[in-house]
$ cat structure_35.txt   # compact mmCIF, C-alpha atoms and all ligand atoms
# COMPACT_ATOMS: atom_id res chain seq x y z
CA MET A 22 7.20 0.84 -4.52
CA PHE A 23 5.84 -2.11 -2.55
CA LEU A 24 6.67 -2.47 1.15
CA VAL A 25 7.29 -6.18 1.61
CA PHE A 26 6.95 -7.83 5.02
CA ASN A 27 7.63 -11.45 5.90
CA ASP A 28 4.08 -12.58 6.53
CA PRO A 29 0.56 -11.37 7.35
CA GLN A 30 1.50 -11.03 11.03
CA ALA A 31 4.30 -8.60 10.22
CA VAL A 32 1.97 -6.69 7.89
CA SER A 33 -0.64 -6.51 10.65
CA GLN A 34 1.88 -5.31 13.21
CA TYR A 35 2.98 -2.51 10.88
CA VAL A 36 -0.55 -1.37 10.03
CA SER A 37 -1.62 -1.55 13.67
CA GLN A 38 1.32 0.65 14.71
CA ARG A 39 0.53 3.22 12.02
CA LEU A 40 -3.14 3.26 13.06
CA ILE A 41 -2.25 3.76 16.70
CA GLU A 42 0.13 6.61 15.87
CA LEU A 43 -2.58 8.30 13.82
CA ILE A 44 -5.23 7.93 16.52
CA LYS A 45 -2.91 9.20 19.27
CA ASP A 46 -2.08 12.19 17.12
CA ARG A 47 -5.65 12.77 15.94
CA PRO A 48 -8.23 11.23 18.28
CA HIS A 49 -11.02 12.54 16.00
CA ALA A 50 -9.51 10.96 12.87
CA ILE A 51 -11.75 9.71 10.07
CA LEU A 52 -10.90 6.16 9.06
CA GLY A 53 -11.89 4.38 5.87
CA LEU A 54 -12.26 0.69 6.64
CA ALA A 55 -12.35 -2.51 4.61
CA THR A 56 -13.56 -6.05 5.34
CA GLY A 57 -12.31 -9.40 4.02
CA SER A 58 -9.77 -12.05 4.94
CA THR A 59 -6.83 -9.67 4.53
CA MET A 60 -8.19 -7.39 7.21
CA GLU A 61 -8.91 -10.07 9.83
CA PRO A 62 -5.34 -10.35 11.23
CA VAL A 63 -4.94 -6.58 10.90
CA TYR A 64 -7.97 -5.86 13.08
CA GLN A 65 -7.03 -8.65 15.48
CA ARG A 66 -3.58 -7.18 16.00
CA PHE A 67 -4.94 -3.64 16.24
CA CYS A 68 -7.50 -4.66 18.90
CA CYS A 69 -4.76 -6.38 20.89
CA ASP A 70 -2.33 -3.45 20.69
CA ALA A 71 -5.05 -0.89 21.34
CA LYS A 72 -6.21 -2.73 24.48
CA GLU A 73 -2.66 -3.07 25.74
CA GLN A 74 -2.15 0.66 25.35
CA ALA A 75 -5.63 1.56 26.65
CA LEU A 76 -6.25 3.47 23.42
CA ASP A 77 -9.40 5.57 23.33
CA VAL A 78 -11.16 5.11 19.97
CA SER A 79 -14.44 6.68 21.05
CA LYS A 80 -13.86 9.91 19.14
CA LEU A 81 -13.07 8.25 15.82
CA ILE A 82 -15.41 8.34 12.86
CA SER A 83 -15.23 5.48 10.37
CA PHE A 84 -16.69 4.77 6.97
CA ASN A 85 -16.71 1.28 5.55
CA LEU A 86 -16.15 0.75 1.88
CA ASP A 87 -19.02 -1.46 0.95
CA GLU A 88 -21.96 -3.72 1.75
CA TYR A 89 -23.93 -6.41 -0.04
CA ILE A 90 -27.37 -5.36 -1.20
CA GLY A 91 -30.05 -7.50 0.41
CA LEU A 92 -28.17 -8.32 3.62
CA SER A 93 -29.11 -6.60 6.87
CA ALA A 94 -26.52 -5.63 9.47
CA GLU A 95 -27.53 -8.72 11.48
CA HIS A 96 -26.82 -11.16 8.64
CA PRO A 97 -23.62 -13.11 9.51
CA GLN A 98 -22.24 -12.60 6.00
CA SER A 99 -22.93 -8.89 5.90
CA TYR A 100 -19.96 -6.55 6.09
CA HIS A 101 -21.65 -4.72 8.94
CA TYR A 102 -21.69 -7.93 10.96
CA PHE A 103 -18.04 -8.58 10.02
CA MET A 104 -17.01 -5.17 11.34
CA ASN A 105 -18.83 -5.67 14.62
CA GLU A 106 -17.28 -9.11 15.07
CA HIS A 107 -13.73 -8.23 14.08
CA LEU A 108 -13.37 -4.65 15.27
CA PHE A 109 -16.17 -2.52 16.64
CA ASN A 110 -17.30 -4.85 19.45
CA HIS A 111 -13.79 -5.17 20.86
CA LEU A 112 -12.95 -1.54 21.59
CA ASN A 113 -14.83 1.55 22.76
CA PHE A 114 -15.98 2.65 19.30
CA ALA A 115 -19.00 4.96 19.35
CA LYS A 116 -21.31 2.90 17.15
CA GLN A 117 -23.24 5.96 15.93
CA LYS A 118 -20.00 7.15 14.31
CA THR A 119 -19.12 3.88 12.59
CA PHE A 120 -20.79 4.10 9.20
CA VAL A 121 -21.30 1.09 6.93
CA PRO A 122 -23.39 1.36 3.77
CA ASP A 123 -26.92 0.06 4.34
CA GLY A 124 -27.59 -3.20 2.49
CA LYS A 125 -31.34 -2.67 2.68
CA PRO A 126 -32.01 1.01 2.13
CA GLU A 127 -35.46 2.21 1.10
CA ASP A 128 -34.00 4.37 -1.66
CA VAL A 129 -30.61 3.02 -2.64
CA GLU A 130 -29.71 5.90 -5.00
CA ALA A 131 -30.43 8.48 -2.29
CA HIS A 132 -28.47 6.40 0.20
CA CYS A 133 -25.45 6.34 -2.14
CA ARG A 134 -25.53 10.12 -2.62
CA GLN A 135 -25.84 10.70 1.12
CA TYR A 136 -22.99 8.31 1.96
CA SER A 137 -20.42 10.13 -0.21
CA GLN A 138 -21.73 13.49 1.02
CA LYS A 139 -21.41 12.42 4.65
CA ILE A 140 -17.72 11.60 4.12
CA VAL A 141 -17.19 15.11 2.74
CA ASP A 142 -19.25 16.72 5.53
CA CYS A 143 -17.11 14.95 8.16
CA GLY A 144 -13.98 16.43 6.61
CA GLY A 145 -12.74 13.57 4.42
CA ILE A 146 -10.97 10.32 5.18
CA ASP A 147 -7.58 10.62 6.90
CA LEU A 148 -6.51 7.02 6.31
CA GLN A 149 -8.19 4.58 3.95
CA LEU A 150 -7.46 0.86 4.39
CA LEU A 151 -7.98 -1.29 1.31
CA GLY A 152 -7.69 -4.92 0.31
CA ILE A 153 -7.67 -5.90 -3.36
CA GLY A 154 -9.70 -8.42 -5.33
CA SER A 155 -8.07 -10.92 -7.70
CA ASN A 156 -9.38 -8.80 -10.61
CA GLY A 157 -7.94 -5.61 -9.15
CA HIS A 158 -11.13 -4.31 -7.54
CA ILE A 159 -10.86 -1.97 -4.56
CA GLY A 160 -13.99 -1.58 -2.52
CA PHE A 161 -16.38 -3.27 -4.92
CA ASN A 162 -15.24 -1.11 -7.82
CA GLU A 163 -14.96 -3.77 -10.48
CA PRO A 164 -12.88 -3.42 -13.67
CA GLY A 165 -14.38 -0.73 -15.90
CA THR A 166 -15.64 1.45 -13.04
CA PRO A 167 -15.05 5.13 -13.90
CA PHE A 168 -12.25 6.72 -11.90
CA ASP A 169 -14.54 9.65 -11.06
CA SER A 170 -17.21 7.43 -9.47
CA ARG A 171 -18.83 8.16 -6.12
CA THR A 172 -20.82 5.74 -3.95
CA HIS A 173 -22.90 3.59 -6.27
CA VAL A 174 -24.60 0.26 -6.80
CA VAL A 175 -22.48 -2.39 -8.49
CA GLU A 176 -23.25 -5.69 -10.17
CA LEU A 177 -20.61 -8.03 -8.78
CA SER A 178 -18.50 -9.80 -11.37
CA GLU A 179 -18.68 -13.58 -11.56
CA GLN A 180 -15.04 -13.73 -10.40
CA THR A 181 -15.82 -11.69 -7.28
CA ARG A 182 -18.89 -13.81 -6.50
CA ILE A 183 -16.78 -16.97 -6.82
CA ASP A 184 -13.96 -15.49 -4.67
CA ASN A 185 -16.44 -14.47 -1.96
CA GLY A 186 -18.52 -17.62 -2.25
CA ARG A 187 -16.26 -19.26 0.34
CA PHE A 188 -18.09 -17.35 3.08
CA PHE A 189 -21.56 -18.61 2.03
CA ASP A 190 -23.15 -22.07 2.20
CA SER A 191 -23.86 -22.10 -1.53
CA MET A 192 -23.23 -19.90 -4.57
CA ASP A 193 -26.99 -19.17 -4.75
CA GLU A 194 -26.70 -17.27 -1.49
CA VAL A 195 -23.91 -14.97 -2.70
CA PRO A 196 -25.51 -11.58 -3.41
CA SER A 197 -25.13 -10.30 -6.96
CA ARG A 198 -25.17 -6.58 -6.08
CA ALA A 199 -23.44 -4.34 -3.59
CA VAL A 200 -23.12 -0.70 -2.59
CA THR A 201 -19.56 0.59 -2.73
CA ILE A 202 -17.92 3.93 -2.27
CA GLY A 203 -16.46 5.11 -5.56
CA LEU A 204 -12.91 5.40 -6.82
CA GLN A 205 -13.04 9.18 -6.50
CA ASP A 206 -14.10 8.84 -2.84
CA ILE A 207 -11.05 6.61 -2.29
CA MET A 208 -8.77 9.01 -4.15
CA ASP A 209 -9.99 11.87 -1.94
CA ALA A 210 -8.56 10.14 1.17
CA HIS A 211 -5.47 11.88 2.53
CA LYS A 212 -3.58 8.61 2.92
CA VAL A 213 -4.22 5.10 1.57
CA PHE A 214 -2.84 1.71 2.62
CA LEU A 215 -3.50 -1.01 0.05
CA ILE A 216 -2.83 -4.34 1.76
CA ALA A 217 -2.36 -7.73 0.06
CA THR A 218 -1.19 -10.99 1.57
CA GLY A 219 -0.89 -14.60 0.43
CA ASP A 220 -0.17 -16.58 -2.76
CA ASN A 221 -3.58 -15.83 -4.20
CA LYS A 222 -2.68 -12.11 -4.46
CA ALA A 223 0.67 -12.60 -6.26
CA GLN A 224 -0.79 -12.44 -9.78
CA VAL A 225 -2.91 -9.35 -9.14
CA MET A 226 0.10 -7.59 -7.58
CA LEU A 227 2.04 -8.27 -10.77
CA ASP A 228 -0.93 -7.11 -12.88
CA LEU A 229 -1.15 -3.94 -10.80
CA TYR A 230 2.59 -3.32 -11.07
CA GLU A 231 2.53 -3.76 -14.84
CA SER A 232 -0.69 -1.86 -15.48
CA GLU A 233 -0.90 1.68 -16.77
CA VAL A 234 -3.36 3.87 -14.90
CA ASP A 235 -6.36 2.28 -16.58
CA GLU A 236 -10.00 1.72 -15.58
CA ARG A 237 -9.64 -1.95 -16.52
CA MET A 238 -7.42 -2.29 -13.40
CA PRO A 239 -9.29 -0.29 -10.71
CA ALA A 240 -6.41 -0.32 -8.19
CA SER A 241 -4.13 1.31 -10.78
CA VAL A 242 -5.83 4.65 -10.00
CA LEU A 243 -3.78 4.65 -6.78
CA LYS A 244 -0.64 5.21 -8.84
CA LYS A 245 -1.93 8.78 -9.17
CA HIS A 246 -2.40 9.10 -5.38
CA HIS A 247 0.80 10.45 -3.90
CA ASN A 248 0.18 9.25 -0.37
CA THR A 249 -0.50 5.56 -1.00
CA LEU A 250 1.51 2.70 0.49
CA PHE A 251 1.31 -0.73 -1.13
CA ILE A 252 1.82 -3.07 1.82
CA VAL A 253 2.31 -6.76 0.99
CA ASP A 254 3.77 -9.94 2.41
CA LYS A 255 6.41 -12.05 0.67
CA LYS A 256 3.87 -14.41 -0.86
CA ALA A 257 1.88 -11.60 -2.46
CA ALA A 258 5.15 -10.05 -3.68
CA ALA A 259 6.45 -13.32 -5.15
CA LEU A 260 6.07 -12.27 -8.81
CA LEU A 261 7.21 -8.66 -8.41
CA PRO A 262 10.67 -7.59 -9.61
CA ALA A 263 13.03 -6.99 -6.68
CA ALA A 264 13.58 -3.41 -7.87
CA ALA A 265 9.92 -2.64 -7.14
CA CYS A 266 10.15 -3.96 -3.58
CA GLN A 267 11.45 -2.54 -0.34
CA TYR A 268 11.93 -5.48 2.01
CA ILE A 269 11.22 -4.75 5.68
CA ASP A 270 12.68 -7.24 8.19
C1 LIG A 301 -13.93 -5.46 1.31
C2 LIG A 301 -13.57 -4.97 0.00
C3 LIG A 301 -12.90 -5.82 -1.02
C4 LIG A 301 -11.81 -6.71 -0.42
C5 LIG A 301 -11.18 -7.56 -1.51
C6 LIG A 301 -10.15 -8.52 -0.92
O1 LIG A 301 -14.56 -4.47 2.08
O2 LIG A 301 -13.88 -3.86 -0.30
O3 LIG A 301 -12.32 -4.98 -2.00
O4 LIG A 301 -10.84 -5.93 0.20
O5 LIG A 301 -12.16 -8.29 -2.16
O6 LIG A 301 -10.79 -9.45 -0.11
P1 LIG A 301 -9.97 -10.48 0.77
O7 LIG A 301 -9.20 -9.69 1.76
O8 LIG A 301 -11.03 -11.34 1.42
O9 LIG A 301 -9.10 -11.23 -0.17
$ encode --input "structure_35.txt" --output "structure tokens"
Amino acid sequence: MFLVFNDPQAVSQYVSQRLIELIKDRPHAILGLATGSTMEPVYQRFCCDAKEQALDVSKLISFNLDEYIGLSAEHPQSYHYFMNEHLFNHLNFAKQKTFVPDGKPEDVEAHCRQYSQKIVDCGGIDLQLLGIGSNGHIGFNEPGTPFDSRTHVVELSEQTRIDNGRFFDSMDEVPSRAVTIGLQDIMDAHKVFLIATGDNKAQVMLDLYESEVDERMPASVLKKHHNTLFIVDKKAAALLPAAACQYID
């Protein structure tokens, strides 16, 4: 079932409220965080609401999904930079507890192993926020990624490089590899919100709806996760049958 809201603002308001409830209930919660255009209004709304309510986020731990290989945290197109700009710098996050995969690790394989292990050691993710790529990727788990994968290095598909090219001056600058947490890491989260907004997500929402649980459609693994909400706006839901949608006014 897809929860369908009017627009990205209504989606953001809903997600922000759920986040605030969780944090009030569990100040030490472990959040799984995503980057990307979908998340921008969500974080903006959350920052606004959190400030208004003087919410203390200093006890939270967070793990980001992914990072481009070759970009340092200071690079304006890195996901680390994105998180600082859109979320971490605006509230009293304890930066030493906001984990983002390192885009320039000395030993990338060791870094991957340690990243998944650290999530487990912290007690597992309470709420995982996800966007979705036009090919169905979640995190940077591209079609064909094994469902039992842990944090790993990924060669980005041409489609993903083209989709993300809009943030770079030229296609040559778009990294070709990334570190991403795996599909099993995502499935281990207690609760998952998959968020999709806008016309450009309508086709992938239909593909996801129609897909069997199949590694060719990475997000389809979430159909096996019993605590996942698919949260979309009307534009992203445009191709879905009404019977699959619960409209929220
Ligand atoms: C980002 C991430 C990606 C994006 C997806 C959608 O951390 O893991 O899976 O969520 O590519 O990106 P946007 O929201 O820019 O359409």
$ residues_around --input "structure_35.txt" --residues "range 56-65 of chain A" --least-positions-apart "3" --cutoff "9 Å" --atoms "only C-alpha atoms" --output "list in words"
Pro29, Gln30, Val32, Ser33, Gln34, Tyr35, Val36, Ser37, Cys68, Cys69, Asp70, Asn85, Leu86, Asp87, Tyr100, His101, Phe103, Met104, His107, Leu108, Leu150, Leu151, Gly152, Ile153, Asn185, Ile216, Ala217, Thr218 and Gly219 of chain A
$ atom_distance --input "structure_35.txt" --atom1 "CA of Val175 in chain A" --atom2 "CA of Ala199 in chain A"
5.4 Å
$ closest_residue --input "structure_35.txt" --among "A:Ala31, A:Leu204, A:Leu54, A:Cys266" --to "ligand LIG 301 (chain A)" --atoms "only C-alpha atoms and all ligand atoms"
A:Leu54
$ closest_residue --input "structure_35.txt" --among "A:Gly160, A:Pro48, A:Pro122, A:Gly203" --to "Tyr136 in chain A" --atoms "all atoms listed in the file"
A:Pro122
$ atom_distance --input "structure_35.txt" --atom1 "CA of Ser83 in chain A" --atom2 "CA of Lys118 in chain A"
6.4 Å
$ build_atoms --input "structure_35.txt" --residues "range 230-266 of chain A" --atoms "N, CA and C atoms" --output "mmCIF file, in the frame of the given file"
data_model
loop_
_atom_site.group_PDB
_atom_site.id
_atom_site.type_symbol
_atom_site.label_atom_id
_atom_site.label_comp_id
_atom_site.auth_asym_id
_atom_site.auth_seq_id
_atom_site.Cartn_x
_atom_site.Cartn_y
_atom_site.Cartn_z
ATOM 1 N N TYR A 230 1.259 -3.912 -10.824
ATOM 2 C CA TYR A 230 2.590 -3.320 -11.070
ATOM 3 C C TYR A 230 2.753 -2.997 -12.554
ATOM 4 N N GLU A 231 2.304 -3.919 -13.403
ATOM 5 C CA GLU A 231 2.530 -3.760 -14.840
ATOM 6 C C GLU A 231 1.515 -2.827 -15.506
ATOM 7 N N SER A 232 0.398 -2.608 -14.846
ATOM 8 C CA SER A 232 -0.690 -1.860 -15.480
ATOM 9 C C SER A 232 -0.386 -0.359 -15.572
ATOM 10 N N GLU A 233 -0.803 0.215 -16.686
ATOM 11 C CA GLU A 233 -0.900 1.680 -16.770
ATOM 12 C C GLU A 233 -2.031 2.093 -15.835
ATOM 13 N N VAL A 234 -2.181 3.386 -15.618
ATOM 14 C CA VAL A 234 -3.360 3.870 -14.900
ATOM 15 C C VAL A 234 -4.539 3.701 -15.855
ATOM 16 N N ASP A 235 -5.377 2.712 -15.580
ATOM 17 C CA ASP A 235 -6.360 2.280 -16.580
ATOM 18 C C ASP A 235 -7.586 1.727 -15.838
ATOM 19 N N GLU A 236 -8.772 2.141 -16.282
ATOM 20 C CA GLU A 236 -10.000 1.720 -15.580
ATOM 21 C C GLU A 236 -10.214 0.205 -15.623
ATOM 22 N N ARG A 237 -9.506 -0.486 -16.511
ATOM 23 C CA ARG A 237 -9.640 -1.950 -16.520
ATOM 24 C C ARG A 237 -8.971 -2.578 -15.294
ATOM 25 N N MET A 238 -8.085 -1.830 -14.637
ATOM 26 C CA MET A 238 -7.420 -2.290 -13.400
ATOM 27 C C MET A 238 -7.709 -1.219 -12.337
ATOM 28 N N PRO A 239 -8.853 -1.370 -11.615
ATOM 29 C CA PRO A 239 -9.290 -0.290 -10.710
ATOM 30 C C PRO A 239 -8.199 0.205 -9.759
ATOM 31 N N ALA A 240 -7.418 -0.731 -9.181
ATOM 32 C CA ALA A 240 -6.410 -0.320 -8.190
ATOM 33 C C ALA A 240 -5.308 0.541 -8.811
ATOM 34 N N SER A 241 -5.199 0.530 -10.144
ATOM 35 C CA SER A 241 -4.130 1.310 -10.780
ATOM 36 C C SER A 241 -4.349 2.810 -10.576
ATOM 37 N N VAL A 242 -5.577 3.218 -10.241
ATOM 38 C CA VAL A 242 -5.830 4.650 -10.000
ATOM 39 C C VAL A 242 -4.946 5.154 -8.855
ATOM 40 N N LEU A 243 -4.580 4.247 -7.949
ATOM 41 C CA LEU A 243 -3.780 4.650 -6.780
ATOM 42 C C LEU A 243 -2.374 5.091 -7.178
ATOM 43 N N LYS A 244 -1.958 4.740 -8.383
ATOM 44 C CA LYS A 244 -0.640 5.210 -8.840
ATOM 45 C C LYS A 244 -0.626 6.731 -9.007
ATOM 46 N N LYS A 245 -1.840 7.321 -9.065
ATOM 47 C CA LYS A 245 -1.930 8.780 -9.170
ATOM 48 C C LYS A 245 -2.078 9.429 -7.785
ATOM 49 N N HIS A 246 -2.192 8.586 -6.742
ATOM 50 C CA HIS A 246 -2.400 9.100 -5.380
ATOM 51 C C HIS A 246 -1.047 9.132 -4.690
ATOM 52 N N HIS A 247 -0.601 10.335 -4.324
ATOM 53 C CA HIS A 247 0.800 10.450 -3.900
ATOM 54 C C HIS A 247 1.047 10.048 -2.451
ATOM 55 N N ASN A 248 -0.017 9.667 -1.759
ATOM 56 C CA ASN A 248 0.180 9.250 -0.370
ATOM 57 C C ASN A 248 -0.379 7.844 -0.161
ATOM 58 N N THR A 249 -0.040 6.958 -1.105
ATOM 59 C CA THR A 249 -0.500 5.560 -1.000
ATOM 60 C C THR A 249 0.691 4.660 -0.713
ATOM 61 N N LEU A 250 0.503 3.747 0.254
ATOM 62 C CA LEU A 250 1.510 2.700 0.490
ATOM 63 C C LEU A 250 0.915 1.377 0.025
ATOM 64 N N PHE A 251 1.694 0.621 -0.737
ATOM 65 C CA PHE A 251 1.310 -0.730 -1.130
ATOM 66 C C PHE A 251 2.019 -1.676 -0.160
ATOM 67 N N ILE A 252 1.249 -2.297 0.719
ATOM 68 C CA ILE A 252 1.820 -3.070 1.820
ATOM 69 C C ILE A 252 1.504 -4.548 1.585
ATOM 70 N N VAL A 253 2.537 -5.350 1.385
ATOM 71 C CA VAL A 253 2.310 -6.760 0.990
ATOM 72 C C VAL A 253 3.194 -7.681 1.817
ATOM 73 N N ASP A 254 2.846 -8.965 1.810
ATOM 74 C CA ASP A 254 3.770 -9.940 2.410
ATOM 75 C C ASP A 254 4.561 -10.617 1.285
ATOM 76 N N LYS A 255 5.519 -11.460 1.673
ATOM 77 C CA LYS A 255 6.410 -12.050 0.670
ATOM 78 C C LYS A 255 5.660 -12.881 -0.361
ATOM 79 N N LYS A 256 4.612 -13.568 0.088
ATOM 80 C CA LYS A 256 3.870 -14.410 -0.860
ATOM 81 C C LYS A 256 3.163 -13.559 -1.907
ATOM 82 N N ALA A 257 2.569 -12.472 -1.489
ATOM 83 C CA ALA A 257 1.880 -11.600 -2.460
ATOM 84 C C ALA A 257 2.875 -10.898 -3.374
ATOM 85 N N ALA A 258 4.132 -10.746 -2.890
ATOM 86 C CA ALA A 258 5.150 -10.050 -3.680
ATOM 87 C C ALA A 258 5.951 -11.002 -4.573
ATOM 88 N N ALA A 259 5.595 -12.290 -4.538
ATOM 89 C CA ALA A 259 6.450 -13.320 -5.150
ATOM 90 C C ALA A 259 6.757 -13.066 -6.625
ATOM 91 N N LEU A 260 5.842 -12.459 -7.373
ATOM 92 C CA LEU A 260 6.070 -12.270 -8.810
ATOM 93 C C LEU A 260 6.604 -10.882 -9.161
ATOM 94 N N LEU A 261 6.767 -10.043 -8.146
ATOM 95 C CA LEU A 261 7.210 -8.660 -8.410
ATOM 96 C C LEU A 261 8.726 -8.609 -8.609
ATOM 97 N N PRO A 262 9.216 -7.738 -9.490
ATOM 98 C CA PRO A 262 10.670 -7.590 -9.610
ATOM 99 C C PRO A 262 11.232 -6.992 -8.321
ATOM 100 N N ALA A 263 12.426 -7.450 -7.941
ATOM 101 C CA ALA A 263 13.030 -6.990 -6.680
ATOM 102 C C ALA A 263 13.160 -5.462 -6.650
ATOM 103 N N ALA A 264 13.385 -4.869 -7.825
ATOM 104 C CA ALA A 264 13.580 -3.410 -7.870
ATOM 105 C C ALA A 264 12.324 -2.649 -7.446
ATOM 106 N N ALA A 265 11.170 -3.316 -7.512
ATOM 107 C CA ALA A 265 9.920 -2.640 -7.140
ATOM 108 C C ALA A 265 9.617 -2.814 -5.651
ATOM 109 N N CYS A 266 10.474 -3.580 -4.952
ATOM 110 C CA CYS A 266 10.150 -3.960 -3.580
ATOM 111 C C CYS A 266 11.135 -3.352 -2.575
#
